[in-house]
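So the structure is just underneath, and the comments pick up after that.
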Amino acid sequence: MTDTAPAAADTTSPTRTHRFTRSLKRYPIVQAAALVVVFLIGVLTLDGFGTGRSITNILITASFLGIAAAGQTLVALVGGIDMSIGAVISASAILTSYLYGGLGWPDVAVFSFVLVFALLLGAANGYIGQRFGANPLIVTLGSGFVAVGLAQVISGGGSDSVKAPEWLGMLSRPVSTTFGLPVPPIVVIWIALIVIVMVMLTSTPFGKRIYATGASANAARLALISVRWVWVLVFGLSSVLAAFAGILLAGFAGSGNTTLGDPYLFLGLAAVIVGGTTLDGRGDYLRTALAALLLVVVQTILVGFGFTNADRQIIFGLLLLVAVAGYIRQPRLRDLI
Amino acid sequence: MTGFRAALVRRPYLIAVVLAAILLAVNVVAMPSAAASYWPGLIANLAPLAFVAIASTPSVLGGGIDLSIGPQVVLSNIVIVMVLLPAGIDSPWAVIPIVLALGILIGTINGVLVALLRFPAMIATLCVMFVLIGIAQRLAPQPAGGSTPWIEFLTSRAGLFPIAALVIAVPFAVWLVLRRTSFVRNLLAAGGDPIAATSAGVPVSAVRLLSYTLGGLFASIGGLMLTSLLRSADASQASTLVLIGLAAVALGGTAFTGGRGGLLGSLAGALCIFLIQNLLTALSVPAVWINVIYGLLLVGSVVLSASLLSQKNVRQPV
């Protein structure tokens, strides 16, 4: 059961005619092609778009979005949704700046505290959602309020004056290098995360359990998978990854506030969906990562064309609809009967 | 207990109604000195949230979701303040039809995207949300004031009677009329099991499309109430309203899997959230604690309603 569930989409007979459509389902070819096309449009229409500096900036922004959307991808694969990601990012950024800048804790203690805080919160999301059959949309919405609230309580309200560690900011500065490579460390961290998550999903028992749970929780239960543990771990991981993004973002922004993470909730959701990971258990993280890159390139081009923030939102919404129209539309109901 | 549970399964909104009643009682006890004139104002303040919750409900009943309700409410507020009033259009006979038509238009666009073009509801309404927030920011780059007497009248009171209660009654009147047709039954069938409903000849796509239209209509009335209350236009509240509206729907016992629930529950859910906020403020709970308590109550009540309503927990092995 665990072996067949993730491969369910690929068990059609491997004739040549089917091979191309099969690989379209299996690999994010559409997303990769769209990324190349959009990037070329940028290079051809905007001066300086293809330069190293501009590419570095795109990669940094995409890294934040990609790391923030990693947890949402895993949660979507088990058939849930995590609306607390934005709040956890904000809470972690507030806590990081306050504990380090306000209380003078050492770096390691700060990070341990923030990550454990997020792990407990996320694990609670997964447990409550699975144990009580409560809708994860609302549970995570509520726990998001709790996360931001607790961060505010701990930091005593205002946290604008306290600063996150200096070196944390260096991780995401365009001029930074990694062991001689001309990219800032955050990009390397993101690439490492992509590799780790992909290996986890495709080659470990835990990955198989995630896909099995998403395909059918009942079938997974019959295969002796503890669906509850899968939910607890996946939601826990989702919050930890969001907290990790929040820590990095605190370094990038210098400090945290209650709305810092908000854009990442909806953009992260968009990245998961554009990547083609459905909310019923098909997809993977590479797809989300490519989509995150695609979204950031589109945004960057729109900025380059001189659109205001408001116009960018309008065009972005319309483009998103057109972009996903090819592969996300659902079957006709009368075809399902 | 089983009788109580059976009652809840038939009427999931009872949890929210009971909770709202308790909260109201606690509110009264906490503020014994509040003048009688305080309470009508409370209903006026509740109105925008109530409309966000009510407008979010039809699409959820049909098995979908509308993330763009908050931005729709804010956009109709902004269109009134930044477009209609400056253009000299301030008669209720002109403003109300224009705003309602705009709401119906946006709702129908959502409906067409979801029901006819078959986009997943979450992504279609997310994109519409981006577009609407963009338009709202374009029309009102910064908060600006603007109002007319008749709009302010909507949140005023006649004697001790709050006019807002009448306006909140409008969607319920519409709903009551619709219940006399096959629409509501078909919508619940489409939400509960779309495939079975299609087999049974229910026009699933049509009722789903209309559920978004209805949401748009209710959201536009919410925009009128928001304008009346704020007397200004402010684009910054859109995404907060999305989340709070959905929370109210969930509290009201409407199932996000579709097919079960109603407008009354959403109103009660909105009332709960509003009374919690009101109570925390009245008890001068430090502002930083409000989010924590609010979140815990939200999680607690969903867990409560889920475990009371679900037979699954009783039957299923761990």
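Letters A, B, ... go to the chains of the structure tokens in the order shown; residues in each chain start at 1; ligands are counted from 1 in the same order.
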
**Q.** Residues flagged alpha helix (DSSP H) by DSSP in region 76-262 of chain A, as a PyMOL selection string
**A.** chain A and resi 76-77+85-97+107-131+136-155+166-170+185-203+205-215+217-222+227-253+262

When you look at region 134-145 of chain B with a cut-off of 8 Å (counting only C-alpha atoms), what residues show up, excluding the ones that are within fewer than 4 positions of it in the same chain? I need them as an mmCIF file with N, CA, C and O atoms, in the first residue's frame.
```
data_model
loop_
_atom_site.group_PDB
_atom_site.id
_atom_site.type_symbol
_atom_site.label_atom_id
_atom_site.label_comp_id
_atom_site.auth_asym_id
_atom_site.auth_seq_id
_atom_site.Cartn_x
_atom_site.Cartn_y
_atom_site.Cartn_z
ATOM 1 N N ASN A 309 2.522 49.244 -6.773
ATOM 2 C CA ASN A 309 2.200 48.084 -5.957
ATOM 3 C C ASN A 309 0.780 47.603 -6.229
ATOM 4 O O ASN A 309 0.529 46.408 -6.383
ATOM 5 N N ALA A 310 -0.163 48.551 -6.330
ATOM 6 C CA ALA A 310 -1.568 48.192 -6.553
ATOM 7 C C ALA A 310 -1.737 47.507 -7.904
ATOM 8 O O ALA A 310 -2.374 46.447 -7.998
ATOM 9 N N ASP A 311 -1.151 48.084 -8.957
ATOM 10 C CA ASP A 311 -1.286 47.493 -10.298
ATOM 11 C C ASP A 311 -0.633 46.117 -10.352
ATOM 12 O O ASP A 311 -1.115 45.216 -11.041
ATOM 13 N N ARG A 312 0.491 45.972 -9.623
ATOM 14 C CA ARG A 312 1.169 44.676 -9.612
ATOM 15 C C ARG A 312 0.255 43.586 -9.062
ATOM 16 O O ARG A 312 0.200 42.486 -9.586
ATOM 17 N N GLN A 313 -0.466 43.920 -7.983
ATOM 18 C CA GLN A 313 -1.386 42.939 -7.385
ATOM 19 C C GLN A 313 -2.445 42.513 -8.398
ATOM 20 O O GLN A 313 -2.770 41.328 -8.521
ATOM 21 N N ILE A 314 -2.996 43.509 -9.128
ATOM 22 C CA ILE A 314 -4.058 43.213 -10.093
ATOM 23 C C ILE A 314 -3.523 42.280 -11.174
ATOM 24 O O ILE A 314 -4.095 41.219 -11.454
ATOM 25 N N PRO B 71 -11.980 41.364 0.845
ATOM 26 C CA PRO B 71 -11.679 42.403 -0.142
ATOM 27 C C PRO B 71 -12.922 42.948 -0.855
ATOM 28 O O PRO B 71 -12.974 44.132 -1.178
ATOM 29 N N VAL B 74 -14.430 45.496 1.459
ATOM 30 C CA VAL B 74 -13.587 46.691 1.495
ATOM 31 C C VAL B 74 -13.698 47.456 0.175
ATOM 32 O O VAL B 74 -13.767 48.687 0.160
ATOM 33 N N LEU B 75 -13.758 46.727 -0.950
ATOM 34 C CA LEU B 75 -13.839 47.416 -2.244
ATOM 35 C C LEU B 75 -15.145 48.189 -2.365
ATOM 36 O O LEU B 75 -15.143 49.334 -2.842
ATOM 37 N N ILE B 78 -14.787 51.301 -0.537
ATOM 38 C CA ILE B 78 -13.897 52.263 -1.199
ATOM 39 C C ILE B 78 -14.558 52.878 -2.431
ATOM 40 O O ILE B 78 -14.408 54.075 -2.696
ATOM 41 N N VAL B 79 -15.322 52.060 -3.154
ATOM 42 C CA VAL B 79 -16.020 52.604 -4.330
ATOM 43 C C VAL B 79 -17.001 53.689 -3.901
ATOM 44 O O VAL B 79 -17.107 54.742 -4.546
ATOM 45 N N VAL B 81 -16.822 55.635 -1.151
ATOM 46 C CA VAL B 81 -16.164 56.834 -0.614
ATOM 47 C C VAL B 81 -15.289 57.527 -1.657
ATOM 48 O O VAL B 81 -15.254 58.757 -1.734
ATOM 49 N N MET B 82 -14.561 56.747 -2.461
ATOM 50 C CA MET B 82 -13.573 57.357 -3.357
ATOM 51 C C MET B 82 -14.095 57.612 -4.762
ATOM 52 O O MET B 82 -13.526 58.400 -5.502
ATOM 53 N N VAL B 83 -15.168 56.913 -5.189
ATOM 54 C CA VAL B 83 -15.645 57.076 -6.560
ATOM 55 C C VAL B 83 -17.007 57.749 -6.607
ATOM 56 O O VAL B 83 -17.175 58.812 -7.210
ATOM 57 N N PHE B 130 -6.351 38.895 -4.855
ATOM 58 C CA PHE B 130 -5.207 39.733 -5.242
ATOM 59 C C PHE B 130 -5.678 40.916 -6.096
ATOM 60 O O PHE B 130 -5.289 42.066 -5.858
ATOM 61 N N ARG B 231 -16.974 55.878 8.113
ATOM 62 C CA ARG B 231 -17.093 57.199 7.471
ATOM 63 C C ARG B 231 -15.819 57.562 6.727
ATOM 64 O O ARG B 231 -15.403 58.722 6.666
ATOM 65 N N SER B 232 -15.145 56.533 6.223
ATOM 66 C CA SER B 232 -13.913 56.766 5.482
ATOM 67 C C SER B 232 -13.628 55.521 4.660
ATOM 68 O O SER B 232 -14.342 54.529 4.756
ATOM 69 N N ALA B 233 -12.576 55.583 3.860
ATOM 70 C CA ALA B 233 -12.171 54.425 3.067
ATOM 71 C C ALA B 233 -10.788 53.995 3.509
ATOM 72 O O ALA B 233 -9.906 54.816 3.707
ATOM 73 N N ASP B 234 -10.630 52.685 3.689
ATOM 74 C CA ASP B 234 -9.345 52.188 4.164
ATOM 75 C C ASP B 234 -9.098 50.809 3.557
ATOM 76 O O ASP B 234 -9.843 49.873 3.816
ATOM 77 N N ALA B 235 -8.059 50.706 2.722
ATOM 78 C CA ALA B 235 -7.809 49.460 1.996
ATOM 79 C C ALA B 235 -7.049 48.439 2.834
ATOM 80 O O ALA B 235 -6.903 47.294 2.437
#
```

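By only C-alpha atoms, and with residues fewer than 5 positions from Val17 (chain B) along its chain excluded, the set lying at most 8 Å from it is Gly252, Gly265, Ala268 and Gly269 of chain B.
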
Go ahead and save the residues from that selection, with N, CA, C and O atoms, as a PDB file, in the first residue's frame.
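Dumped to result_38.pdb:
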```pdb
ATOM      1  N   GLY B 252     -19.883  28.958  13.513  1.00  0.00           N
ATOM      2  CA  GLY B 252     -21.325  28.839  13.344  1.00  0.00           C
ATOM      3  C   GLY B 252     -21.778  27.448  12.974  1.00  0.00           C
ATOM      4  O   GLY B 252     -22.952  27.236  12.703  1.00  0.00           O
ATOM      5  N   GLY B 265     -26.068  30.412  11.793  1.00  0.00           N
ATOM      6  CA  GLY B 265     -24.861  30.008  12.504  1.00  0.00           C
ATOM      7  C   GLY B 265     -23.741  31.011  12.291  1.00  0.00           C
ATOM      8  O   GLY B 265     -23.040  31.391  13.239  1.00  0.00           O
ATOM      9  N   ALA B 268     -24.308  34.018  14.356  1.00  0.00           N
ATOM     10  CA  ALA B 268     -23.980  33.716  15.753  1.00  0.00           C
ATOM     11  C   ALA B 268     -22.460  33.633  15.934  1.00  0.00           C
ATOM     12  O   ALA B 268     -21.916  34.120  16.935  1.00  0.00           O
ATOM     13  N   GLY B 269     -21.779  33.018  14.953  1.00  0.00           N
ATOM     14  CA  GLY B 269     -20.323  32.928  15.019  1.00  0.00           C
ATOM     15  C   GLY B 269     -19.673  34.305  15.031  1.00  0.00           C
ATOM     16  O   GLY B 269     -18.762  34.583  15.812  1.00  0.00           O
TER      17      GLY B 269
END
```

Q: Could you list, as a ChimeraX atom specification, the residues of chain B having an atom within 8 Å of chain A when counting only C-alpha atoms?
A: /B:117-120,123-124,126-138,194-196,198-199,243,246-247,250,256,288-299,302-303,306-307,310,313

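Here CA of Gly66 (chain A) and CA of Val240 (chain A) stand 13.9 Å from one another.
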
Q. Do you have the CA of Gln277 (chain B)-CA of Ala169 (chain B) distance handy?
A. 22.9 Å

Q) Contacts of Pro40 (chain B) at 9 Å or less, counting only C-alpha atoms, minus same-chain residues fewer than 6 places along, as an MDAnalysis selection string? A) chainID B and resid 155:157 160:165

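Nearest residue to Ile196 (chain A) among A:Ala33, A:Leu286, A:Gly104, A:Gly50 is A:Leu286, counting only C-alpha atoms.
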
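Pairwise distance (CA of Ala200 (chain B), CA of Leu214 (chain B)) equals 23.8 Å.
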
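Near Gly246 (chain A), within 6 Å and counting only C-alpha atoms, sit Ile89, Ser92, Ala93, Ala243, Phe244, Leu248 and Leu249 of chain A, not including residues fewer than 2 positions from it in the same chain.
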
Write to file, as a PDB file, in the first residue's frame, the residues of the selection just made, with all heavy atoms.
```
ATOM      1  N   ILE A  89       5.721  32.994  11.021  1.00  0.00           N
ATOM      2  CA  ILE A  89       6.861  33.781  10.547  1.00  0.00           C
ATOM      3  C   ILE A  89       6.977  35.075  11.354  1.00  0.00           C
ATOM      4  O   ILE A  89       8.052  35.422  11.862  1.00  0.00           O
ATOM      5  CB  ILE A  89       6.721  34.082   9.036  1.00  0.00           C
ATOM      6  CG1 ILE A  89       6.877  32.790   8.230  1.00  0.00           C
ATOM      7  CG2 ILE A  89       7.732  35.132   8.586  1.00  0.00           C
ATOM      8  CD1 ILE A  89       6.682  32.961   6.740  1.00  0.00           C
ATOM      9  N   SER A  92       8.045  34.325  15.000  1.00  0.00           N
ATOM     10  CA  SER A  92       9.457  33.953  15.129  1.00  0.00           C
ATOM     11  C   SER A  92      10.363  35.160  14.953  1.00  0.00           C
ATOM     12  O   SER A  92      11.376  35.293  15.641  1.00  0.00           O
ATOM     13  CB  SER A  92       9.825  32.911  14.076  1.00  0.00           C
ATOM     14  OG  SER A  92       8.871  31.927  14.020  1.00  0.00           O
ATOM     15  N   ALA A  93      10.005  36.026  14.018  1.00  0.00           N
ATOM     16  CA  ALA A  93      10.824  37.220  13.804  1.00  0.00           C
ATOM     17  C   ALA A  93      10.797  38.123  15.034  1.00  0.00           C
ATOM     18  O   ALA A  93      11.825  38.638  15.479  1.00  0.00           O
ATOM     19  CB  ALA A  93      10.338  37.976  12.568  1.00  0.00           C
ATOM     20  N   ALA A 243       9.086  28.999  10.970  1.00  0.00           N
ATOM     21  CA  ALA A 243       9.880  29.708  11.980  1.00  0.00           C
ATOM     22  C   ALA A 243      11.293  29.973  11.467  1.00  0.00           C
ATOM     23  O   ALA A 243      11.864  31.042  11.705  1.00  0.00           O
ATOM     24  CB  ALA A 243       9.942  28.874  13.266  1.00  0.00           C
ATOM     25  N   PHE A 244      11.828  28.996  10.741  1.00  0.00           N
ATOM     26  CA  PHE A 244      13.157  29.160  10.141  1.00  0.00           C
ATOM     27  C   PHE A 244      13.147  30.350   9.175  1.00  0.00           C
ATOM     28  O   PHE A 244      14.043  31.219   9.219  1.00  0.00           O
ATOM     29  CB  PHE A 244      13.519  27.855   9.418  1.00  0.00           C
ATOM     30  CG  PHE A 244      14.914  27.814   8.873  1.00  0.00           C
ATOM     31  CD1 PHE A 244      16.010  28.070   9.687  1.00  0.00           C
ATOM     32  CD2 PHE A 244      15.128  27.521   7.535  1.00  0.00           C
ATOM     33  CE1 PHE A 244      17.294  28.036   9.171  1.00  0.00           C
ATOM     34  CE2 PHE A 244      16.413  27.485   7.015  1.00  0.00           C
ATOM     35  CZ  PHE A 244      17.491  27.743   7.836  1.00  0.00           C
ATOM     36  N   LEU A 248      15.267  33.975   9.538  1.00  0.00           N
ATOM     37  CA  LEU A 248      16.040  34.573   8.446  1.00  0.00           C
ATOM     38  C   LEU A 248      15.488  35.948   8.069  1.00  0.00           C
ATOM     39  O   LEU A 248      16.242  36.889   7.795  1.00  0.00           O
ATOM     40  CB  LEU A 248      16.003  33.654   7.222  1.00  0.00           C
ATOM     41  CG  LEU A 248      16.754  32.327   7.360  1.00  0.00           C
ATOM     42  CD1 LEU A 248      16.416  31.399   6.203  1.00  0.00           C
ATOM     43  CD2 LEU A 248      18.262  32.573   7.410  1.00  0.00           C
ATOM     44  N   LEU A 249      14.164  36.049   8.090  1.00  0.00           N
ATOM     45  CA  LEU A 249      13.521  37.309   7.709  1.00  0.00           C
ATOM     46  C   LEU A 249      13.806  38.398   8.748  1.00  0.00           C
ATOM     47  O   LEU A 249      13.968  39.580   8.406  1.00  0.00           O
ATOM     48  CB  LEU A 249      12.015  37.078   7.579  1.00  0.00           C
ATOM     49  CG  LEU A 249      11.235  37.997   6.637  1.00  0.00           C
ATOM     50  CD1 LEU A 249      11.831  37.994   5.249  1.00  0.00           C
ATOM     51  CD2 LEU A 249       9.776  37.581   6.580  1.00  0.00           C
TER      52      LEU A 249
END
```

(Q) For region 99-115 of chain B, find every residue with an atom within 9 Å (counting only C-alpha atoms), except residues of its own chain fewer than 6 positions away, and show them as a ChimeraX atom specification. (A) /B:59,64,66,68-69,72-73,76-77,79-80,121-122,124-125,128,204-221,223-224

Q) If we count only C-alpha atoms, what is near Thr258 (chain A) at a cut-off of 7 Å, once residues fewer than 2 positions away on the same chain are taken out, given as a PyMOL selection string? A) chain A and resi 90-91+148+260

Select from region 227-280 of chain A every residue with an atom at most 12 Å from any atom of region 171-185 of chain A, then for each give the shortest pair of atoms and their distance in Å to one decimal, using only C-alpha atoms, rows by chain and rising number, as a Markdown table.
```
| residue | atom | partner | partner_atom | distance |
| --- | --- | --- | --- | --- |
| A:Ala245 | CA | A:Ser172 | CA | 11.3 |
| A:Ile247 | CA | A:Leu171 | CA | 11.0 |
| A:Leu248 | CA | A:Ser172 | CA | 7.7 |
| A:Leu249 | CA | A:Ser172 | CA | 8.6 |
| A:Ala250 | CA | A:Ser172 | CA | 10.5 |
| A:Gly251 | CA | A:Ser172 | CA | 7.9 |
| A:Phe252 | CA | A:Ser172 | CA | 6.2 |
| A:Ala253 | CA | A:Ser172 | CA | 9.9 |
| A:Gly254 | CA | A:Ser172 | CA | 11.3 |
```

Deliver the residues from the most recent selection as a file, using N, CA and C atoms, as a compact mmCIF listing (two decimals), in the first residue's frame.
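Contents of part_29.txt, freshly written:
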```txt
# COMPACT_ATOMS: atom_id res chain seq x y z
N ALA A 245 12.10 30.41 8.34
CA ALA A 245 11.96 31.56 7.44
C ALA A 245 11.84 32.86 8.23
N ILE A 247 13.08 33.52 11.24
CA ILE A 247 14.39 33.88 11.80
C ILE A 247 15.23 34.58 10.74
N LEU A 248 15.27 33.98 9.54
CA LEU A 248 16.04 34.57 8.45
C LEU A 248 15.49 35.95 8.07
N LEU A 249 14.16 36.05 8.09
CA LEU A 249 13.52 37.31 7.71
C LEU A 249 13.81 38.40 8.75
N ALA A 250 13.87 37.99 10.04
CA ALA A 250 14.22 38.95 11.09
C ALA A 250 15.60 39.53 10.81
N GLY A 251 16.55 38.64 10.37
CA GLY A 251 17.88 39.12 10.04
C GLY A 251 17.85 40.07 8.86
N PHE A 252 17.05 39.71 7.85
CA PHE A 252 16.97 40.51 6.63
C PHE A 252 16.35 41.88 6.92
N ALA A 253 15.24 41.88 7.69
CA ALA A 253 14.52 43.13 7.96
C ALA A 253 15.11 43.89 9.14
N GLY A 254 15.96 43.24 9.96
CA GLY A 254 16.55 43.91 11.11
C GLY A 254 15.77 43.67 12.38
```

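With only C-alpha atoms as the atoms that count, the minimum distance from Arg179 (chain B) to the choices B:Gly191, B:Met31, B:Val9, B:Leu263 is reached by B:Leu263.
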
Q. Which residue, A:Ser239, A:Val322, A:Gly42, A:Thr259, has the smallest gap to Gly71 (chain A) when you use only C-alpha atoms?
A. A:Ser239
